[in-house]
$ cat run29.cif   # mmCIF, C-alpha atoms and all ligand atoms
data_target
#
loop_
_atom_site.group_PDB
_atom_site.id
_atom_site.type_symbol
_atom_site.label_atom_id
_atom_site.label_comp_id
_atom_site.auth_asym_id
_atom_site.auth_seq_id
_atom_site.Cartn_x
_atom_site.Cartn_y
_atom_site.Cartn_z
ATOM 1 C CA MET A 1428 -16.018 8.036 -16.852
ATOM 2 C CA THR A 1429 -14.727 7.374 -13.382
ATOM 3 C CA GLN A 1430 -11.230 5.957 -13.327
ATOM 4 C CA GLU A 1431 -10.883 2.457 -12.003
ATOM 5 C CA HIS A 1432 -7.757 0.742 -10.718
ATOM 6 C CA ARG A 1433 -7.812 -2.979 -10.042
ATOM 7 C CA GLY A 1434 -5.277 -5.089 -8.286
ATOM 8 C CA GLY A 1435 -4.704 -8.059 -6.062
ATOM 9 C CA CYS A 1436 -2.261 -10.572 -4.713
ATOM 10 C CA ARG A 1437 0.073 -12.809 -6.701
ATOM 11 C CA CYS A 1438 -2.293 -15.800 -6.748
ATOM 12 C CA GLY A 1439 -5.487 -13.838 -7.376
ATOM 13 C CA ALA A 1440 -7.342 -15.043 -4.264
ATOM 14 C CA VAL A 1441 -7.671 -11.440 -3.064
ATOM 15 C CA ARG A 1442 -8.738 -8.804 -5.573
ATOM 16 C CA TYR A 1443 -9.638 -5.166 -5.036
ATOM 17 C CA ARG A 1444 -10.927 -2.212 -7.003
ATOM 18 C CA CYS A 1445 -10.282 1.496 -6.403
ATOM 19 C CA THR A 1446 -12.232 4.216 -8.159
ATOM 20 C CA GLY A 1447 -11.383 7.850 -8.827
ATOM 21 C CA GLU A 1448 -8.120 9.548 -7.955
ATOM 22 C CA PRO A 1449 -5.906 8.432 -5.052
ATOM 23 C CA GLU A 1450 -5.448 10.698 -2.041
ATOM 24 C CA PHE A 1451 -1.696 10.378 -2.386
ATOM 25 C CA VAL A 1452 1.084 8.154 -3.691
ATOM 26 C CA ALA A 1453 4.233 8.047 -1.577
ATOM 27 C CA ASN A 1454 7.291 5.993 -0.748
ATOM 28 C CA CYS A 1455 7.584 4.937 2.867
ATOM 29 C CA HIS A 1456 11.063 4.252 4.200
ATOM 30 C CA CYS A 1457 10.057 3.219 7.726
ATOM 31 C CA GLU A 1458 11.465 0.075 9.266
ATOM 32 C CA ASP A 1459 7.997 -1.273 9.963
ATOM 33 C CA CYS A 1460 7.091 -1.270 6.254
ATOM 34 C CA ARG A 1461 10.503 -2.678 5.414
ATOM 35 C CA ARG A 1462 10.032 -5.615 7.776
ATOM 36 C CA SER A 1463 6.430 -6.178 6.699
ATOM 37 C CA THR A 1464 7.055 -6.153 2.951
ATOM 38 C CA GLY A 1465 10.640 -7.385 2.776
ATOM 39 C CA ALA A 1466 11.436 -4.543 0.392
ATOM 40 C CA ALA A 1467 13.924 -1.705 0.917
ATOM 41 C CA PHE A 1468 11.054 0.774 0.867
ATOM 42 C CA SER A 1469 7.358 0.632 0.052
ATOM 43 C CA THR A 1470 5.334 2.695 -2.378
ATOM 44 C CA TRP A 1471 1.778 3.187 -1.129
ATOM 45 C CA VAL A 1472 -1.269 4.341 -3.063
ATOM 46 C CA ALA A 1473 -3.766 5.831 -0.612
ATOM 47 C CA TRP A 1474 -7.547 5.960 -0.993
ATOM 48 C CA SER A 1475 -10.448 7.008 1.080
ATOM 49 C CA ASP A 1476 -12.295 3.845 2.220
ATOM 50 C CA SER A 1477 -15.359 4.800 0.178
ATOM 51 C CA GLN A 1478 -13.265 4.485 -3.013
ATOM 52 C CA VAL A 1479 -12.152 0.945 -2.197
ATOM 53 C CA GLU A 1480 -13.934 -2.341 -2.663
ATOM 54 C CA ILE A 1481 -12.569 -5.836 -2.021
ATOM 55 C CA VAL A 1482 -14.055 -7.797 -4.922
ATOM 56 C CA ALA A 1483 -12.618 -11.242 -4.212
ATOM 57 C CA GLY A 1484 -11.403 -13.019 -1.091
ATOM 58 C CA THR A 1485 -10.588 -11.462 2.242
ATOM 59 C CA PRO A 1486 -7.131 -10.277 3.170
ATOM 60 C CA ALA A 1487 -5.637 -11.819 6.295
ATOM 61 C CA VAL A 1488 -4.601 -9.152 8.766
ATOM 62 C CA HIS A 1489 -1.497 -8.731 10.867
ATOM 63 C CA ALA A 1490 -1.533 -6.049 13.573
ATOM 64 C CA SER A 1491 2.080 -4.964 13.137
ATOM 65 C CA SER A 1492 1.900 -2.260 15.794
ATOM 66 C CA GLU A 1493 -0.614 -0.320 17.871
ATOM 67 C CA GLY A 1494 -3.437 0.845 15.601
ATOM 68 C CA VAL A 1495 -1.908 -0.621 12.446
ATOM 69 C CA GLN A 1496 -3.389 -3.468 10.423
ATOM 70 C CA ARG A 1497 -1.487 -4.867 7.465
ATOM 71 C CA GLY A 1498 -3.451 -6.982 5.021
ATOM 72 C CA PHE A 1499 -1.914 -9.847 3.088
ATOM 73 C CA CYS A 1500 -3.008 -12.912 1.152
ATOM 74 C CA ARG A 1501 -3.131 -15.981 3.379
ATOM 75 C CA THR A 1502 -2.595 -18.227 0.345
ATOM 76 C CA CYS A 1503 0.355 -16.664 -1.484
ATOM 77 C CA GLY A 1504 1.659 -14.298 1.196
ATOM 78 C CA THR A 1505 1.608 -11.124 -0.898
ATOM 79 C CA PRO A 1506 1.556 -8.004 1.316
ATOM 80 C CA LEU A 1507 -1.343 -5.861 0.108
ATOM 81 C CA SER A 1508 -2.715 -3.159 2.332
ATOM 82 C CA TYR A 1509 -2.184 -0.845 5.256
ATOM 83 C CA LEU A 1510 -4.873 0.496 7.554
ATOM 84 C CA GLY A 1511 -3.657 2.780 10.296
ATOM 85 C CA ALA A 1512 -5.314 4.784 13.044
ATOM 86 C CA LYS A 1513 -3.076 7.677 11.964
ATOM 87 C CA TRP A 1514 -4.821 7.600 8.586
ATOM 88 C CA ALA A 1515 -8.319 6.679 9.751
ATOM 89 C CA GLY A 1516 -10.822 6.198 6.945
ATOM 90 C CA GLU A 1517 -8.112 5.395 4.398
ATOM 91 C CA THR A 1518 -6.868 2.200 2.800
ATOM 92 C CA HIS A 1519 -3.391 2.084 1.310
ATOM 93 C CA PHE A 1520 -2.354 -0.557 -1.219
ATOM 94 C CA LEU A 1521 1.200 -1.367 -2.254
ATOM 95 C CA ILE A 1522 1.874 -0.133 -5.773
ATOM 96 C CA GLY A 1523 3.221 -3.498 -6.930
ATOM 97 C CA THR A 1524 -0.150 -5.167 -6.348
ATOM 98 C CA TYR A 1525 -1.950 -3.091 -8.999
ATOM 99 C CA ASP A 1526 -2.615 -4.535 -12.425
ATOM 100 C CA ARG A 1527 -1.258 -1.285 -13.877
ATOM 101 C CA PRO A 1528 1.288 -0.008 -11.353
ATOM 102 C CA GLY A 1529 2.656 2.384 -13.959
ATOM 103 C CA ALA A 1530 -0.522 4.428 -13.637
ATOM 104 C CA PHE A 1531 0.826 5.948 -10.405
ATOM 105 C CA THR A 1532 3.840 8.128 -9.696
ATOM 106 C CA PRO A 1533 4.981 8.723 -6.115
ATOM 107 C CA HIS A 1534 5.173 12.404 -5.238
ATOM 108 C CA GLY A 1535 6.732 12.162 -1.816
ATOM 109 C CA ASP A 1536 8.845 10.206 0.637
ATOM 110 C CA ALA A 1537 7.981 9.478 4.250
ATOM 111 C CA PHE A 1538 10.259 8.494 7.149
ATOM 112 C CA THR A 1539 13.359 9.403 5.156
ATOM 113 C CA ALA A 1540 15.407 9.353 8.384
ATOM 114 C CA GLU A 1541 14.955 5.561 8.382
ATOM 115 C CA ALA A 1542 15.817 5.163 4.695
ATOM 116 C CA LEU A 1543 18.673 2.905 3.652
ATOM 117 C CA ALA A 1544 21.655 5.019 2.612
ATOM 118 C CA TRP A 1545 21.456 3.990 -1.051
ATOM 119 C CA ALA A 1546 17.689 4.576 -1.147
ATOM 120 C CA LYS A 1547 17.712 8.048 0.418
ATOM 121 C CA PRO A 1548 15.656 10.370 -1.762
ATOM 122 C CA LYS A 1549 17.454 13.442 -3.053
ATOM 123 C CA ARG A 1550 14.519 15.615 -2.116
ATOM 124 C CA GLU A 1551 12.800 15.406 1.244
ATOM 125 C CA SER A 1552 9.080 15.879 1.679
HETATM 126 ZN ZN ZN B 1 -2.800 -14.660 -3.045
HETATM 127 ZN ZN ZN B 2 6.058 2.743 6.508
#
$ encode --input "run29.cif" --output "structure tokens"
Amino acid sequence: MTQEHRGGCRCGAVRYRCTGEPEFVANCHCEDCRRSTGAAFSTWVAWSDSQVEIVAGTPAVHASSEGVQRGFCRTCGTPLSYLGAKWAGETHFLIGTYDRPGAFTPHGDAFTAEALAWAKPKRES
């Protein structure tokens, strides 16, 4: 059976479904993610677009920088997704928006040069 991972925003207005195995799971320490999520760093679960389906609602989109679209719920404000020209054809969802976030384990860290001192990973990737 194909694996299915469902998730959505805090209020449930936006819901999504991902099928199969993610392309990657990684922590991003960049300032742009930090500002956009309000968290010290962000853990992203990346999928190819064909694995992703929005099953309820429509995320609002904020173009946070050139070629980057960040999806969020217009009702409850939960940051949800990242679509970037650098990762064309992929949709990334924040790990905390999954119904079962424990199903994923990050295997890498990106933009570690921008990481907060206390959040610096011991291993670089
Ligand atoms: Zn919501
Ligand atoms: Zn980032």
$ closest_residue --input "run29.cif" --among "A:Ile1522, A:Ile1481, A:Ala1467, A:Ala1487" --to "ligand ZN 1 (chain B)" --atoms "only C-alpha atoms and all ligand atoms"
A:Ala1487
$ atom_distance --input "run29.cif" --atom1 "atom CA of Gly1516 of chain A" --atom2 "atom CA of Cys1438 of chain A"
27.3 Å
$ residues_near_ligand --input "run29.cif" --ligand "ligand ZN 1 (chain B)" --cutoff "6 Å" --atoms "all atoms listed in the file" --output "JSON, numbers by chain"
{"A": [1436, 1437, 1438, 1439, 1440, 1441, 1500, 1502, 1503]}
$ resolve_selection --input "run29.cif" --expression "the PyMOL selection byres (((chain A and resi 1449-1463) around 9) and not hetatm)" --output "count of residues only"
38
$ axis_aligned_box --input "run29.cif" --around "segment 1484-1495 of chain A" --padding-each-side "8 Å" --output "JSON"
{"center_x": -4.7, "center_y": -6.1, "center_z": 8.4, "size_x": 29.5, "size_y": 29.9, "size_z": 35.0}
$ atom_distance --input "run29.cif" --atom1 "atom CA of Gly1435 of chain A" --atom2 "atom CA of Lys1513 of chain A"
24.0 Å
